[in-house]
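K.L.:
Mind having a look at this structure? Questions to follow.
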Amino acid sequence: MSHVHLVCDSTSDIEPDEWAERDVTVVPLRVIFGEEELRDRVDISTEDFYRRMRDDPHHPRTSQPTPAEFEAVFRRLGADGGPIVCTTIAAELSGTHASAEQARAALPDRDIRVVDTRTVGPGHFAAVALAAAVRDRGGDADAVVAVLQRLQERQRLVFTVETLEYLRRGGRIGTARALLGTVLNIKPILELREGRVEAVDRVRTYQRALDRLVGEVAAASREWGPTVAITAHAANPAQAAAIASRVADVTGRMPPILQVGAVLGCHAGPGAFGIAMHPDLLEG
């Protein structure tokens with residue numbers, strides 16, 4: 001059986017030193033300051049991005065990879081005849097999925113599966129982790145795609161931001177637009193549903209918002225039983241470690257702690273915090 005090659009875009013927030021370890025090829029999106037384009041986690045580190053976001057007079061923008069960039073990766077990996085499974089950020093949030101599909105169509109003789117994860121950040125990370133686990137257990141491309149489809153049906157991504165301004169600037173605000181203009185000490189509870197940002201609730205302080213996110217994990221665990229969680233923060237590692245410990249008390253396992261990369265950071269802003277969760281689809 002041919003080895004299954006895994007490809008994802010950089011919104012999975014996998015750090016470069018993990019790419020080879022997880023045997024995953026990452027196609028980076030770009031972050032743009034003024035006229036300068038930088039490849040996410042290749043030309044600019046996450047730490048440097050947040051530092052520059054604070055100091056640069058230009059608000060950063062993002063750009064998807066081109067079809068040619070995906071095609072080059074697909075050609076290289078598929079040269080051995082092995083199938084390729086490529087996961088992408090939700091199509092509603094970026095043209096990245098369309099670029100990957102165009103690259104797949106340009107290589108009709110290759111076995112390439114392009115999967116819209118319907119999510120981003122820690123949700124996309126969860127998809128890559130599951131895909132790698134199934135592959136490493138000997139699963140073929142069909143098995144990898146099947147577990148990704150099951151994940152789409154059950155996964156949740158809840159998050160909070162210190163301000164809605166970044167989501168508003170990027171046009172990614174969805175129904176959370178109704179919360180704009182509220183008093184400054186109101187913090188939103190948001191969820192990514194089918195690739196759209198939806199408002200869940202609002203609370204009075206950032207700490208209460210974080211408490212609510214942990215509460216969402218607890219509620220999910222009561223419904224699902226064994227639950228996998230992934231935490232993600234934007235330039236707030238100390239808070240992330242504390243919240244991860246609380247999540248571990250709920251799920252019985254320490255969740256990965258991701259640093260939100262430049263692409264998602266452009267739209268969520270510093271201080272954003274999120275938790276992706278799903279039933280343990282590999283149990284048993």
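Identifiers in this document derive from the order of the structure tokens: chains are assigned A, B, ..., residues are numbered from 1 separately in each chain, and ligands are numbered from 1 in order of occurrence.
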From a DSSP pass on the backbone, collect the residues of stretch 1-217 of chain A flagged as strand (DSSP E) and hand them back as a PyMOL selection string.

P.N.:
chain A and resi 5-9+24-27+30-33+36-39+61-63+84-88+112-116+156-160+187-193+196-203

K.L.:
Pick out the residues sitting within 10 Å of stretch 132-136 of chain A, and hand them over as a list in words; count only C-alpha atoms, and ignore anything fewer than 6 positions along from it in its own chain.

P.N.:
His3, Val4, His5, Leu6, Arg22, Asp23, Val24, Ala126, Ala143, Val144, Val145, Ala146, Val147, Leu148 and Leu282 of chain A

K.L.:
Please save C-alpha atoms of the selected residues as a compact mmCIF listing (two decimals), in the first residue's frame.

P.N.:
```txt
# COMPACT_ATOMS: atom_id res chain seq x y z
CA HIS A 3 2.22 5.91 1.72
CA VAL A 4 -0.44 8.59 2.21
CA HIS A 5 1.05 12.07 1.86
CA LEU A 6 -0.52 14.76 4.05
CA ARG A 22 4.46 14.89 11.79
CA ASP A 23 5.39 14.05 8.16
CA VAL A 24 3.16 16.86 6.91
CA ALA A 126 -7.17 18.75 15.04
CA ALA A 143 -9.79 6.00 5.84
CA VAL A 144 -8.11 9.38 6.31
CA VAL A 145 -10.84 11.21 4.40
CA ALA A 146 -13.55 9.29 6.28
CA VAL A 147 -12.26 10.38 9.70
CA LEU A 148 -11.99 13.97 8.48
CA LEU A 282 -9.95 7.11 17.64
```

K.L.:
Excluding stretch 204-213 of chain A and any residue of its chain fewer than 4 positions from it, enumerate the residues within 8 Å of it, using only C-alpha atoms, and give them as a PDB file with C-alpha atoms, in the first residue's frame.

P.N.:
```pdb
ATOM      1  CA  VAL A 158     -15.327  28.431  20.392  1.00  0.00           C
ATOM      2  CA  PHE A 159     -13.266  31.533  21.034  1.00  0.00           C
ATOM      3  CA  THR A 160     -13.168  35.024  22.435  1.00  0.00           C
ATOM      4  CA  GLU A 162     -10.333  41.255  23.278  1.00  0.00           C
ATOM      5  CA  ASN A 185     -15.954  45.756  29.020  1.00  0.00           C
ATOM      6  CA  ILE A 186     -18.277  43.352  27.215  1.00  0.00           C
ATOM      7  CA  LYS A 187     -16.415  40.338  25.807  1.00  0.00           C
ATOM      8  CA  PRO A 188     -17.958  38.142  23.109  1.00  0.00           C
ATOM      9  CA  ILE A 189     -18.247  34.362  23.085  1.00  0.00           C
ATOM     10  CA  VAL A 217     -15.576  21.964  26.944  1.00  0.00           C
ATOM     11  CA  ILE A 243      -6.478  27.553  30.719  1.00  0.00           C
ATOM     12  CA  PHE A 273      -8.147  32.712  22.782  1.00  0.00           C
ATOM     13  CA  GLY A 274      -9.908  29.662  21.388  1.00  0.00           C
ATOM     14  CA  ILE A 275     -10.604  25.999  22.079  1.00  0.00           C
TER      15      ILE A 275
END
```

K.L.:
Run DSSP on the backbone and give me the residues of stretch 24-192 of chain A it puts in alpha helix (DSSP H), as an NGL selection string.

P.N.:
:A and (46-55 or 67-78 or 96-105 or 122-136 or 141-154 or 165-170)

K.L.:
Give me a file of those residues, with C-alpha atoms, as a compact mmCIF listing (two decimals), in the first residue's frame.

P.N.:
```
# COMPACT_ATOMS: atom_id res chain seq x y z
CA THR A 46 4.67 34.14 14.88
CA GLU A 47 6.48 36.08 17.59
CA ASP A 48 7.87 38.56 15.07
CA PHE A 49 4.42 38.95 13.52
CA TYR A 50 2.81 40.06 16.79
CA ARG A 51 5.72 42.34 17.54
CA ARG A 52 5.38 43.94 14.11
CA MET A 53 1.58 44.09 14.41
CA ARG A 54 2.03 46.32 17.45
CA ASP A 55 4.67 48.58 15.89
CA PRO A 67 -2.78 27.16 -7.38
CA ALA A 68 0.76 26.86 -8.76
CA GLU A 69 2.18 26.60 -5.23
CA PHE A 70 -0.16 23.74 -4.38
CA GLU A 71 0.48 22.11 -7.75
CA ALA A 72 4.24 22.12 -7.18
CA VAL A 73 3.77 20.37 -3.83
CA PHE A 74 1.30 17.85 -5.28
CA ARG A 75 3.68 17.04 -8.17
CA ARG A 76 6.63 16.49 -5.87
CA LEU A 77 4.83 14.36 -3.32
CA GLY A 78 2.81 12.40 -5.85
CA THR A 96 -7.02 28.78 -0.22
CA HIS A 97 -9.41 25.86 -0.72
CA ALA A 98 -10.17 27.01 -4.27
CA SER A 99 -6.44 27.23 -5.04
CA ALA A 100 -5.90 23.67 -3.85
CA GLU A 101 -8.87 22.44 -5.90
CA GLN A 102 -7.50 24.13 -9.02
CA ALA A 103 -4.16 22.43 -8.46
CA ARG A 104 -5.87 19.07 -8.03
CA ALA A 105 -7.79 19.57 -11.29
CA PRO A 122 -6.94 24.71 16.44
CA GLY A 123 -9.79 23.10 14.49
CA HIS A 124 -7.55 22.66 11.46
CA PHE A 125 -4.76 21.39 13.72
CA ALA A 126 -7.17 18.75 15.04
CA ALA A 127 -7.91 17.65 11.48
CA VAL A 128 -4.22 17.25 10.64
CA ALA A 129 -3.55 15.39 13.91
CA LEU A 130 -6.38 12.96 13.23
CA ALA A 131 -5.34 12.44 9.63
CA ALA A 132 -1.76 11.70 10.71
CA ALA A 133 -2.93 9.30 13.43
CA VAL A 134 -5.09 7.31 11.00
CA ARG A 135 -2.32 7.23 8.39
CA ASP A 136 0.28 6.18 10.95
CA ALA A 141 -6.49 7.65 1.89
CA ASP A 142 -10.13 6.56 2.09
CA ALA A 143 -9.79 6.00 5.84
CA VAL A 144 -8.11 9.38 6.31
CA VAL A 145 -10.84 11.21 4.40
CA ALA A 146 -13.55 9.29 6.28
CA VAL A 147 -12.26 10.38 9.70
CA LEU A 148 -11.99 13.97 8.48
CA GLN A 149 -15.62 13.85 7.38
CA ARG A 150 -16.66 12.52 10.79
CA LEU A 151 -14.70 15.32 12.43
CA GLN A 152 -16.51 17.95 10.35
CA GLU A 153 -19.83 16.68 11.68
CA ARG A 154 -18.89 16.82 15.37
CA GLU A 165 -12.29 45.43 15.59
CA TYR A 166 -9.92 42.99 13.86
CA LEU A 167 -12.77 40.73 12.75
CA ARG A 168 -14.64 43.78 11.50
CA ARG A 169 -11.66 45.03 9.50
CA GLY A 170 -11.21 41.65 7.85
```

K.L.:
Any idea what's packed within 7 Å of A:Gly195, counting only C-alpha atoms, ignoring anything in its chain fewer than 3 positions away? Could you give it as JSON, numbers by chain?

P.N.:
{"A": [90, 92, 93, 118, 119, 192]}

K.L.:
Put those residues in a file: N, CA and C atoms, as a compact mmCIF listing (two decimals), in the first residue's frame.

P.N.:
```
# COMPACT_ATOMS: atom_id res chain seq x y z
N ALA A 90 -11.44 26.76 6.06
CA ALA A 90 -12.80 26.83 5.53
C ALA A 90 -12.86 27.72 4.30
N GLU A 92 -15.18 29.47 3.19
CA GLU A 92 -15.84 30.75 3.44
C GLU A 92 -14.87 31.81 3.96
N LEU A 93 -13.75 31.37 4.51
CA LEU A 93 -12.80 32.29 5.13
C LEU A 93 -11.64 32.67 4.22
N ARG A 118 -13.69 23.17 7.10
CA ARG A 118 -14.78 23.99 7.62
C ARG A 118 -14.39 24.73 8.88
N THR A 119 -13.08 24.85 9.13
CA THR A 119 -12.63 25.47 10.37
C THR A 119 -11.27 26.12 10.12
N LEU A 192 -17.16 29.26 15.48
CA LEU A 192 -17.06 29.10 14.03
C LEU A 192 -17.98 27.97 13.62
```

K.L.:
Find, counting only C-alpha atoms, the residue in A:Ala79, A:Val42, A:Val161, A:Cys86 that gets nearest to A:Arg110.

P.N.:
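Ranked by minimum distance to A:Arg110, first place goes to A:Ala79.
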
K.L.:
Excluding same-chain residues fewer than 2 positions from A:Leu29, what lies within 7 Å of it counting only C-alpha atoms, as JSON, numbers by chain?

P.N.:
{"A": [9, 10, 27, 31, 39, 40, 63, 64, 65]}
